[in-house]
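**Q** A single structure is presented below for examination.
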Amino acid sequence: LRSEYSKSDQSFLRLYNKKKLLNILRERGALSRVELAEISQLDRKTITNIVNEMLDDRQIVRQEMRQGSFGRPREMLARNADYGRSMGIDVGGTHITVAVLDFMGNLLSHVPLDLEDHGEPEGVLARCDDAVKTALAHAGLGMEHMEGIGVAFPGHIDPMTGRPALAESMPKWQNLSVPELFSRRYGKPVQAGDCSMLMAMAELWFGKGRDCKDFMVFDLGFGIGCGIVINGSIFAGCNGKAGEIGHTIVQVNGPTCKCGRRGCVEALASGWAIAKRGQEMIRANPSGILAGLCQGGSGVSSREIAMAAAAGDEGCRGLLIQAGETIGIGVANAMSLFNPMRVIIGGRLIIDNELMLGQIKRTIREKTIDVVYNDADITVSGLGQLASAMGAAAMCFEHYYV
Ligand SMILES: [Zn+2]
């Protein structure tokens with residue numbers, strides 16, 4: 001937006017107002033011009049100008065709505081779902097998820113894929129091709145129908161070089177330009193962003209953040225991150241790196257983290273840290289429940305540990321409870337800093353992992369000061385493993401359509 005602003009104040013204002021109207025129509029569905037003016041607080045002349053422009057562009061369409069069987073039908077305005085589609089690709093340490101959205105934000109198809117071994121970027125991209133093809137086939141569309149692609153990546157993406165700056169769990173990607181890589185492969189304009197911030201965007205657009213202006217989303221997965229929404233906008237910090245809750249230190253001289261320091265939340269409670277402890281447990285007890293589930297220990301992830309805990313493995317139960325407590329402390333600290341109205345807990349780590357989720361909630365209750373705790377409602381994301389991919393697809397609309 002900064003570059004738009006320098007062109008001229010007027011075109012910046014026009015763009016801003018257009019975005020505002022499109023967002024209102026996405027949130028509320030079809031509205032009359034009068035309703036649109038009321039909600040947006042823009043004057044009638046501005047509304048008429050922008051609405052006419054958007055009707056000409058086919059970004060919005062007219063709909064007729066009849067009240068009762070008599071009287072003139074009212075003209076309503078709605079976002080045109082067919083105006084364009086976008087694809088979101090979430091590339092994580094242990095998964096690829098693809099989501100296809102239409103301009104209304106409807107989910108047309110989605111494909112979640114597990115990665116056994118993260119390996120070389122080329123191999124990951126080949127798996128990505130499979131997921132992209134399947135998602136397009138399910139939606140009955142081709143790549144030519146996509147206006148753009150959004151890529152969600154763990155950690156910050158340098159806007160100048162496109163390189164990941166904080167993806168310690170995916171070291172082989174560190175010298176690659178993520179947007180360039182994907183745009184060359186698929187021949188589309190590509191935007192890349194931090195998966196936790198995009199998760200917050202998905203909650204804002206489609207999830208439990210829709211009716212809330214100040215909230216935090218905790219992205220609990222292979223790594224741990226957080227998206228912060230202040231006054232309806234994502235807070236990115238001075239250079240796009242805000243929300244690194246995973247690298248806040250909760251145990252002085254604790255275990256070494258991938259960032260090189262010790263005692264970070266991530267070093268104690270992330271998917272990779274839990275899997276590492278799991279491997280140690282298998283070595284110490286090769287005939288235990290966990291070892292039996294993992295057939296020797298190579299394929300141990302937080303999922304097998306949750307399964308072993310559910311089957312009564314005491315070591316695994318203890319591990320998940322301890323990890324839940326660490327995450328709860330991280331969340332409580334973050335809540336004290338931001339006083340959010342809502343806390344949304346999401347990410348793959350808590351899927352089918354009630355034991356850990358329960359402990360996270362208990363620790364948040366215990367460790368957050370009452371005045372802050374009482375202001376917030378603590379809830380679990382309803383978007384599951386699709387959140388970051390949906391946020392990435394939504395990001396395209398912000399960039400390409402307005
Ligand atoms: Zn760290």
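Chain labels run A, B, ... following the order of the structure tokens; each chain numbers its residues from 1, and ligands are numbered from 1 in the order shown.
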Could you tell me, counting only C-alpha atoms and all ligand atoms, which protein and nucleic acid residues lie no more than 8 Å from ligand 1, written as a ChimeraX atom specification?
**A** /A:246-249,256-267
**Q** Take the residues from that selection and write them out as a short mmCIF file (atom, residue, chain, number, x, y, z; two decimals), in the first residue's frame, keeping all heavy atoms.
**A**
data_model
loop_
_atom_site.label_atom_id
_atom_site.label_comp_id
_atom_site.auth_asym_id
_atom_site.auth_seq_id
_atom_site.Cartn_x
_atom_site.Cartn_y
_atom_site.Cartn_z
N GLY A 246 7.09 -18.82 19.61
CA GLY A 246 7.84 -20.08 19.74
C GLY A 246 9.26 -19.86 20.23
O GLY A 246 9.87 -20.75 20.82
N HIS A 247 9.81 -18.67 19.98
CA HIS A 247 11.17 -18.40 20.41
C HIS A 247 11.22 -17.46 21.62
O HIS A 247 12.21 -16.78 21.84
CB HIS A 247 12.01 -17.88 19.24
CG HIS A 247 12.11 -18.89 18.15
ND1 HIS A 247 12.78 -20.09 18.31
CD2 HIS A 247 11.59 -18.92 16.90
CE1 HIS A 247 12.67 -20.80 17.21
NE2 HIS A 247 11.95 -20.12 16.34
N THR A 248 10.14 -17.42 22.38
CA THR A 248 10.23 -16.75 23.68
C THR A 248 10.73 -17.81 24.67
O THR A 248 10.37 -18.99 24.57
CB THR A 248 8.87 -16.19 24.15
OG1 THR A 248 7.92 -17.25 24.18
CG2 THR A 248 8.37 -15.11 23.21
N ILE A 249 11.56 -17.40 25.59
CA ILE A 249 12.23 -18.36 26.48
C ILE A 249 11.42 -18.58 27.75
O ILE A 249 11.01 -17.62 28.40
CB ILE A 249 13.66 -17.87 26.78
CG1 ILE A 249 14.48 -17.92 25.48
CG2 ILE A 249 14.33 -18.73 27.87
CD1 ILE A 249 15.82 -17.26 25.55
N THR A 256 18.24 -27.09 23.87
CA THR A 256 18.65 -26.21 22.76
C THR A 256 17.56 -26.17 21.70
O THR A 256 16.97 -27.19 21.33
CB THR A 256 19.96 -26.72 22.14
OG1 THR A 256 20.91 -26.82 23.19
CG2 THR A 256 20.49 -25.77 21.09
N CYS A 257 17.33 -24.95 21.21
CA CYS A 257 16.30 -24.73 20.19
C CYS A 257 16.96 -24.66 18.82
O CYS A 257 18.17 -24.47 18.71
CB CYS A 257 15.58 -23.42 20.50
SG CYS A 257 14.24 -23.03 19.37
N LYS A 258 16.16 -24.77 17.77
CA LYS A 258 16.72 -24.66 16.41
C LYS A 258 17.23 -23.26 16.12
O LYS A 258 17.98 -23.06 15.17
CB LYS A 258 15.66 -25.07 15.39
CG LYS A 258 15.39 -26.56 15.45
CD LYS A 258 14.60 -27.07 14.27
CE LYS A 258 14.53 -28.59 14.34
NZ LYS A 258 13.73 -29.19 13.30
N CYS A 259 16.81 -22.28 16.91
CA CYS A 259 17.30 -20.91 16.71
C CYS A 259 18.68 -20.74 17.33
O CYS A 259 19.31 -19.69 17.18
CB CYS A 259 16.33 -19.90 17.30
SG CYS A 259 16.29 -19.89 19.10
N GLY A 260 19.17 -21.75 18.04
CA GLY A 260 20.51 -21.71 18.61
C GLY A 260 20.53 -21.30 20.07
O GLY A 260 21.57 -21.40 20.72
N ARG A 261 19.41 -20.83 20.59
CA ARG A 261 19.38 -20.46 22.01
C ARG A 261 18.78 -21.61 22.81
O ARG A 261 18.53 -22.69 22.26
CB ARG A 261 18.60 -19.16 22.17
CG ARG A 261 19.29 -18.01 21.40
CD ARG A 261 18.43 -16.77 21.31
NE ARG A 261 17.09 -17.11 20.94
CZ ARG A 261 16.02 -16.58 21.52
NH1 ARG A 261 16.15 -15.70 22.46
NH2 ARG A 261 14.82 -16.96 21.13
N ARG A 262 18.53 -21.38 24.08
CA ARG A 262 18.04 -22.50 24.90
C ARG A 262 16.74 -22.14 25.61
O ARG A 262 16.52 -20.99 25.99
CB ARG A 262 19.09 -22.87 25.95
CG ARG A 262 20.38 -23.33 25.31
CD ARG A 262 21.43 -23.59 26.36
NE ARG A 262 21.07 -24.77 27.14
CZ ARG A 262 21.93 -25.62 27.66
NH1 ARG A 262 23.21 -25.42 27.51
NH2 ARG A 262 21.53 -26.66 28.35
N GLY A 263 15.90 -23.17 25.78
CA GLY A 263 14.71 -23.02 26.60
C GLY A 263 13.53 -22.30 25.95
O GLY A 263 12.62 -21.84 26.63
N CYS A 264 13.53 -22.19 24.60
CA CYS A 264 12.39 -21.58 23.90
C CYS A 264 11.15 -22.49 24.04
O CYS A 264 11.29 -23.71 24.19
CB CYS A 264 12.67 -21.44 22.41
SG CYS A 264 14.02 -20.35 22.01
N VAL A 265 9.96 -21.89 23.91
CA VAL A 265 8.72 -22.69 23.91
C VAL A 265 8.84 -23.80 22.87
O VAL A 265 8.51 -24.96 23.12
CB VAL A 265 7.49 -21.79 23.59
CG1 VAL A 265 6.23 -22.63 23.38
CG2 VAL A 265 7.26 -20.76 24.70
N GLU A 266 9.37 -23.44 21.69
CA GLU A 266 9.47 -24.42 20.60
C GLU A 266 10.39 -25.59 20.93
O GLU A 266 10.14 -26.72 20.53
CB GLU A 266 9.95 -23.69 19.33
CG GLU A 266 9.45 -24.39 18.09
CD GLU A 266 9.70 -23.64 16.79
OE1 GLU A 266 9.03 -22.62 16.58
OE2 GLU A 266 10.53 -24.10 16.01
N ALA A 267 11.46 -25.32 21.68
CA ALA A 267 12.42 -26.38 22.02
C ALA A 267 11.82 -27.38 23.00
O ALA A 267 12.32 -28.49 23.17
CB ALA A 267 13.68 -25.77 22.60
#
**Q** Just the residues within 12 Å of Leu320 in chain A, please, counting only C-alpha atoms, with nothing from its chain fewer than 3 positions along; format it as a PyMOL selection string.
**A** chain A and resi 268-271+273-275+277-278+302-310+313-317+323-328+349-350+353-360
**Q** For range 384-396 of chain A, please output as number ranges by chain all residues within 10 Å (counting only C-alpha atoms; exclusion window: fewer than 6 positions along the same chain).
**A** A: 85-92, 95-107, 110-112, 147-153, 189-207, 219, 221, 345-351, 402
**Q** Got time to write the residues from that selection, C-alpha atoms, as a short mmCIF file (atom, residue, chain, number, x, y, z; two decimals), in the first residue's frame?
**A**
data_model
loop_
_atom_site.label_atom_id
_atom_site.label_comp_id
_atom_site.auth_asym_id
_atom_site.auth_seq_id
_atom_site.Cartn_x
_atom_site.Cartn_y
_atom_site.Cartn_z
CA ARG A 85 -10.35 -17.93 -7.91
CA SER A 86 -7.15 -18.22 -6.01
CA MET A 87 -5.07 -21.06 -4.64
CA GLY A 88 -3.39 -21.26 -1.26
CA ILE A 89 -0.49 -23.67 -0.70
CA ASP A 90 0.67 -24.25 2.86
CA VAL A 91 4.15 -25.79 2.91
CA GLY A 92 5.10 -27.02 6.37
CA HIS A 95 2.70 -31.39 5.43
CA ILE A 96 1.46 -29.67 2.29
CA THR A 97 -2.10 -28.36 2.21
CA VAL A 98 -3.74 -26.85 -0.86
CA ALA A 99 -7.00 -24.87 -0.83
CA VAL A 100 -8.91 -23.28 -3.72
CA LEU A 101 -11.26 -20.36 -3.02
CA ASP A 102 -13.65 -18.32 -5.13
CA PHE A 103 -13.94 -14.52 -4.86
CA MET A 104 -16.66 -14.85 -2.24
CA GLY A 105 -14.26 -16.87 -0.07
CA ASN A 106 -16.10 -20.17 -0.61
CA LEU A 107 -13.82 -23.19 -0.28
CA HIS A 110 -8.83 -28.74 -0.47
CA VAL A 111 -6.14 -31.39 -0.27
CA PRO A 112 -4.15 -32.13 2.87
CA GLU A 147 -5.67 -15.54 -10.70
CA GLY A 148 -2.86 -16.04 -8.26
CA ILE A 149 -1.23 -18.34 -5.73
CA GLY A 150 -0.53 -17.62 -2.09
CA VAL A 151 2.14 -19.65 -0.33
CA ALA A 152 2.18 -20.07 3.45
CA PHE A 153 5.64 -20.86 4.79
CA PRO A 189 1.83 -14.45 -9.71
CA VAL A 190 2.80 -15.68 -6.24
CA GLN A 191 2.71 -14.02 -2.83
CA ALA A 192 4.36 -15.75 0.11
CA GLY A 193 3.81 -15.14 3.80
CA ASP A 194 4.28 -16.45 7.31
CA CYS A 195 1.93 -19.38 7.95
CA SER A 196 0.95 -18.13 11.44
CA MET A 197 0.03 -14.67 10.16
CA LEU A 198 -1.93 -16.26 7.32
CA MET A 199 -3.69 -18.46 9.87
CA ALA A 200 -4.77 -15.24 11.59
CA MET A 201 -5.97 -13.91 8.24
CA ALA A 202 -8.06 -17.05 7.72
CA GLU A 203 -9.65 -16.65 11.16
CA LEU A 204 -10.36 -13.00 10.34
CA TRP A 205 -12.02 -13.86 7.01
CA PHE A 206 -13.62 -17.22 7.60
CA GLY A 207 -13.21 -18.34 11.18
CA ASP A 219 -0.34 -21.87 15.54
CA GLY A 221 2.41 -27.50 14.81
CA ILE A 345 -5.88 -22.15 19.50
CA GLY A 346 -5.14 -23.84 16.20
CA GLY A 347 -2.64 -25.96 14.33
CA ARG A 348 -2.00 -29.61 13.67
CA LEU A 349 -0.52 -30.41 17.07
CA ILE A 350 -3.87 -30.27 18.85
CA ILE A 351 -5.87 -32.27 16.28
CA VAL A 402 -8.40 -4.59 -5.85
#
**Q** Please indicate the distance in Å from CA of Met335 in chain A to CA of Arg210 in chain A, rounded to one decimal place.
**A** 19.6 Å
**Q** Can you list, as a PyMOL selection string, every residue of range 162-254 of chain A that DSSP puts in strand (DSSP E)?
**A** chain A and resi 190-194+215-220+224-230+233-235
**Q** Keeping all heavy atoms, export the residues of the selection given above as a compact mmCIF listing (two decimals), in the first residue's frame.
**A**
# COMPACT_ATOMS: atom_id res chain seq x y z
N VAL A 190 2.78 -15.01 -7.55
CA VAL A 190 2.80 -15.68 -6.24
C VAL A 190 3.15 -14.69 -5.13
O VAL A 190 4.06 -13.87 -5.27
CB VAL A 190 3.83 -16.84 -6.24
CG1 VAL A 190 4.03 -17.41 -4.84
CG2 VAL A 190 3.38 -17.95 -7.18
N GLN A 191 2.40 -14.76 -4.06
CA GLN A 191 2.71 -14.02 -2.83
C GLN A 191 3.04 -15.07 -1.77
O GLN A 191 2.36 -16.09 -1.70
CB GLN A 191 1.47 -13.26 -2.34
CG GLN A 191 0.99 -12.16 -3.24
CD GLN A 191 1.87 -10.94 -3.11
OE1 GLN A 191 2.37 -10.65 -2.04
NE2 GLN A 191 2.07 -10.24 -4.21
N ALA A 192 4.06 -14.80 -0.96
CA ALA A 192 4.36 -15.75 0.11
C ALA A 192 4.32 -15.04 1.45
O ALA A 192 4.64 -13.85 1.54
CB ALA A 192 5.73 -16.37 -0.11
N GLY A 193 3.89 -15.75 2.48
CA GLY A 193 3.81 -15.14 3.80
C GLY A 193 3.98 -16.15 4.91
O GLY A 193 4.01 -17.36 4.68
N ASP A 194 4.11 -15.64 6.11
CA ASP A 194 4.28 -16.45 7.31
C ASP A 194 2.99 -17.23 7.61
O ASP A 194 1.91 -16.65 7.69
CB ASP A 194 4.61 -15.47 8.46
CG ASP A 194 4.71 -16.14 9.82
OD1 ASP A 194 4.17 -17.24 9.99
OD2 ASP A 194 5.33 -15.54 10.71
N PHE A 215 -7.67 -10.11 18.48
CA PHE A 215 -7.51 -11.50 18.89
C PHE A 215 -6.11 -12.03 18.55
O PHE A 215 -5.36 -11.40 17.79
CB PHE A 215 -8.60 -12.39 18.28
CG PHE A 215 -8.57 -12.52 16.78
CD1 PHE A 215 -7.85 -13.53 16.16
CD2 PHE A 215 -9.30 -11.64 15.97
CE1 PHE A 215 -7.84 -13.66 14.78
CE2 PHE A 215 -9.30 -11.77 14.59
CZ PHE A 215 -8.57 -12.78 13.99
N MET A 216 -5.79 -13.17 19.12
CA MET A 216 -4.52 -13.82 18.83
C MET A 216 -4.79 -15.26 18.43
O MET A 216 -5.68 -15.90 18.99
CB MET A 216 -3.62 -13.84 20.08
CG MET A 216 -3.39 -12.46 20.65
SD MET A 216 -2.27 -12.51 22.06
CE MET A 216 -0.71 -12.44 21.19
N VAL A 217 -4.04 -15.73 17.43
CA VAL A 217 -4.18 -17.12 16.98
C VAL A 217 -2.87 -17.82 17.29
O VAL A 217 -1.80 -17.33 16.91
CB VAL A 217 -4.42 -17.19 15.46
CG1 VAL A 217 -4.62 -18.62 15.01
CG2 VAL A 217 -5.59 -16.33 15.06
N PHE A 218 -2.95 -18.93 17.98
CA PHE A 218 -1.73 -19.69 18.29
C PHE A 218 -1.64 -20.88 17.35
O PHE A 218 -2.54 -21.72 17.31
CB PHE A 218 -1.73 -20.09 19.77
CG PHE A 218 -1.55 -18.87 20.63
CD1 PHE A 218 -2.66 -18.14 21.07
CD2 PHE A 218 -0.29 -18.40 20.94
CE1 PHE A 218 -2.50 -16.97 21.81
CE2 PHE A 218 -0.12 -17.24 21.68
CZ PHE A 218 -1.22 -16.52 22.12
N ASP A 219 -0.55 -20.88 16.59
CA ASP A 219 -0.34 -21.87 15.54
C ASP A 219 0.59 -22.95 16.10
O ASP A 219 1.80 -22.79 16.15
CB ASP A 219 0.30 -21.13 14.35
CG ASP A 219 0.64 -22.06 13.20
OD1 ASP A 219 0.23 -23.23 13.24
OD2 ASP A 219 1.31 -21.60 12.25
N LEU A 220 -0.02 -24.04 16.55
CA LEU A 220 0.74 -25.10 17.21
C LEU A 220 0.93 -26.26 16.24
O LEU A 220 -0.03 -26.95 15.90
CB LEU A 220 -0.01 -25.57 18.46
CG LEU A 220 -0.53 -24.45 19.39
CD1 LEU A 220 -1.31 -25.04 20.55
CD2 LEU A 220 0.62 -23.59 19.89
N ILE A 224 6.12 -23.48 16.33
CA ILE A 224 5.07 -22.78 17.07
C ILE A 224 5.15 -21.29 16.73
O ILE A 224 6.22 -20.68 16.80
CB ILE A 224 5.21 -23.03 18.59
CG1 ILE A 224 4.80 -24.48 18.89
CG2 ILE A 224 4.36 -22.04 19.40
CD1 ILE A 224 4.91 -24.88 20.33
N GLY A 225 4.01 -20.74 16.35
CA GLY A 225 3.98 -19.31 16.02
C GLY A 225 2.68 -18.71 16.49
O GLY A 225 1.84 -19.39 17.09
N CYS A 226 2.51 -17.43 16.19
CA CYS A 226 1.28 -16.79 16.61
C CYS A 226 0.96 -15.62 15.69
O CYS A 226 1.87 -14.95 15.17
CB CYS A 226 1.46 -16.41 18.07
SG CYS A 226 0.89 -14.87 18.63
N GLY A 227 -0.32 -15.44 15.39
CA GLY A 227 -0.77 -14.31 14.58
C GLY A 227 -1.52 -13.35 15.47
O GLY A 227 -2.32 -13.78 16.30
N ILE A 228 -1.22 -12.05 15.33
CA ILE A 228 -1.81 -11.05 16.21
C ILE A 228 -2.71 -10.14 15.38
O ILE A 228 -2.25 -9.58 14.37
CB ILE A 228 -0.71 -10.22 16.90
CG1 ILE A 228 0.28 -11.14 17.64
CG2 ILE A 228 -1.30 -9.17 17.83
CD1 ILE A 228 1.64 -10.53 17.87
N VAL A 229 -3.95 -9.99 15.78
CA VAL A 229 -4.86 -9.08 15.08
C VAL A 229 -5.24 -7.95 16.02
O VAL A 229 -5.75 -8.19 17.13
CB VAL A 229 -6.12 -9.83 14.56
CG1 VAL A 229 -7.13 -8.83 14.00
CG2 VAL A 229 -5.70 -10.83 13.48
N ILE A 230 -4.94 -6.73 15.60
CA ILE A 230 -5.24 -5.54 16.41
C ILE A 230 -6.14 -4.63 15.60
O ILE A 230 -5.82 -4.28 14.46
CB ILE A 230 -3.94 -4.80 16.81
CG1 ILE A 230 -3.05 -5.71 17.66
CG2 ILE A 230 -4.27 -3.51 17.57
CD1 ILE A 230 -1.68 -5.14 17.97
N SER A 233 -6.79 -5.58 11.98
CA SER A 233 -5.68 -5.76 11.03
C SER A 233 -4.60 -6.64 11.65
O SER A 233 -4.40 -6.63 12.86
CB SER A 233 -5.02 -4.42 10.71
OG SER A 233 -5.94 -3.56 10.12
N ILE A 234 -3.90 -7.35 10.77
CA ILE A 234 -2.82 -8.19 11.27
C ILE A 234 -1.64 -7.31 11.66
O ILE A 234 -1.21 -6.46 10.89
CB ILE A 234 -2.42 -9.23 10.20
CG1 ILE A 234 -3.59 -10.21 10.05
CG2 ILE A 234 -1.13 -9.97 10.59
CD1 ILE A 234 -3.48 -11.13 8.88
N PHE A 235 -1.14 -7.53 12.86
CA PHE A 235 0.01 -6.78 13.34
C PHE A 235 1.27 -7.57 12.97
O PHE A 235 1.44 -8.70 13.41
CB PHE A 235 -0.07 -6.58 14.86
CG PHE A 235 1.16 -5.94 15.43
CD1 PHE A 235 1.40 -4.58 15.25
CD2 PHE A 235 2.08 -6.68 16.14
CE1 PHE A 235 2.53 -3.98 15.78
CE2 PHE A 235 3.23 -6.10 16.67
CZ PHE A 235 3.45 -4.75 16.48
**Q** Name the residues in contact with range 52-69 of chain A at a cut-off of 10 Å, using only C-alpha atoms, excluding same-chain residues fewer than 2 positions from it; report them as a count of residues only.
**A** 30
**Q** Just the number, please: distance in Å from CA of Gly330 in chain A to CA of Ile245 in chain A, one decimal.
**A**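 Pair CA of Gly330 in chain A / CA of Ile245 in chain A returns 6.8 Å.
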**Q** Once DSSP has gone over the backbone, tell me which residues of range 175-347 of chain A are in helix (DSSP H, G or I), as number ranges by chain.
**A** A: 178-186, 195-205, 245-247, 265-269, 271-284, 289-294, 302-310, 314-338
**Q** Distance CA of His138 in chain A-CA of Leu108 in chain A, one decimal place?
**A**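 One can read the CA of His138 in chain A to CA of Leu108 in chain A distance as 8.0 Å.
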**Q** Point out the residue among A:Ile344, A:Pro179, A:Gln279, A:Leu15 with the least atom-to-atom distance to Ser381 in chain A, counting only C-alpha atoms.
**A**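 So, comparing all the options, the nearest one is A:Ile344.
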**Q** In terms of the shortest atom-to-atom distance over only C-alpha atoms, which of A:Asp9, A:Glu27, A:Glu398, A:Asp130 is closest to Gly209 in chain A?
**A**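 Closest residue, counting only C-alpha atoms: A:Glu27.
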**Q** With only C-alpha atoms as the counted atoms, please give the residues lying no more than 12 Å from Thr161 in chain A, apart from itself and same-chain residues fewer than 2 positions off, as an MDAnalysis selection string.
**A** chainID A and resid 156:159 163:165 174:181 192
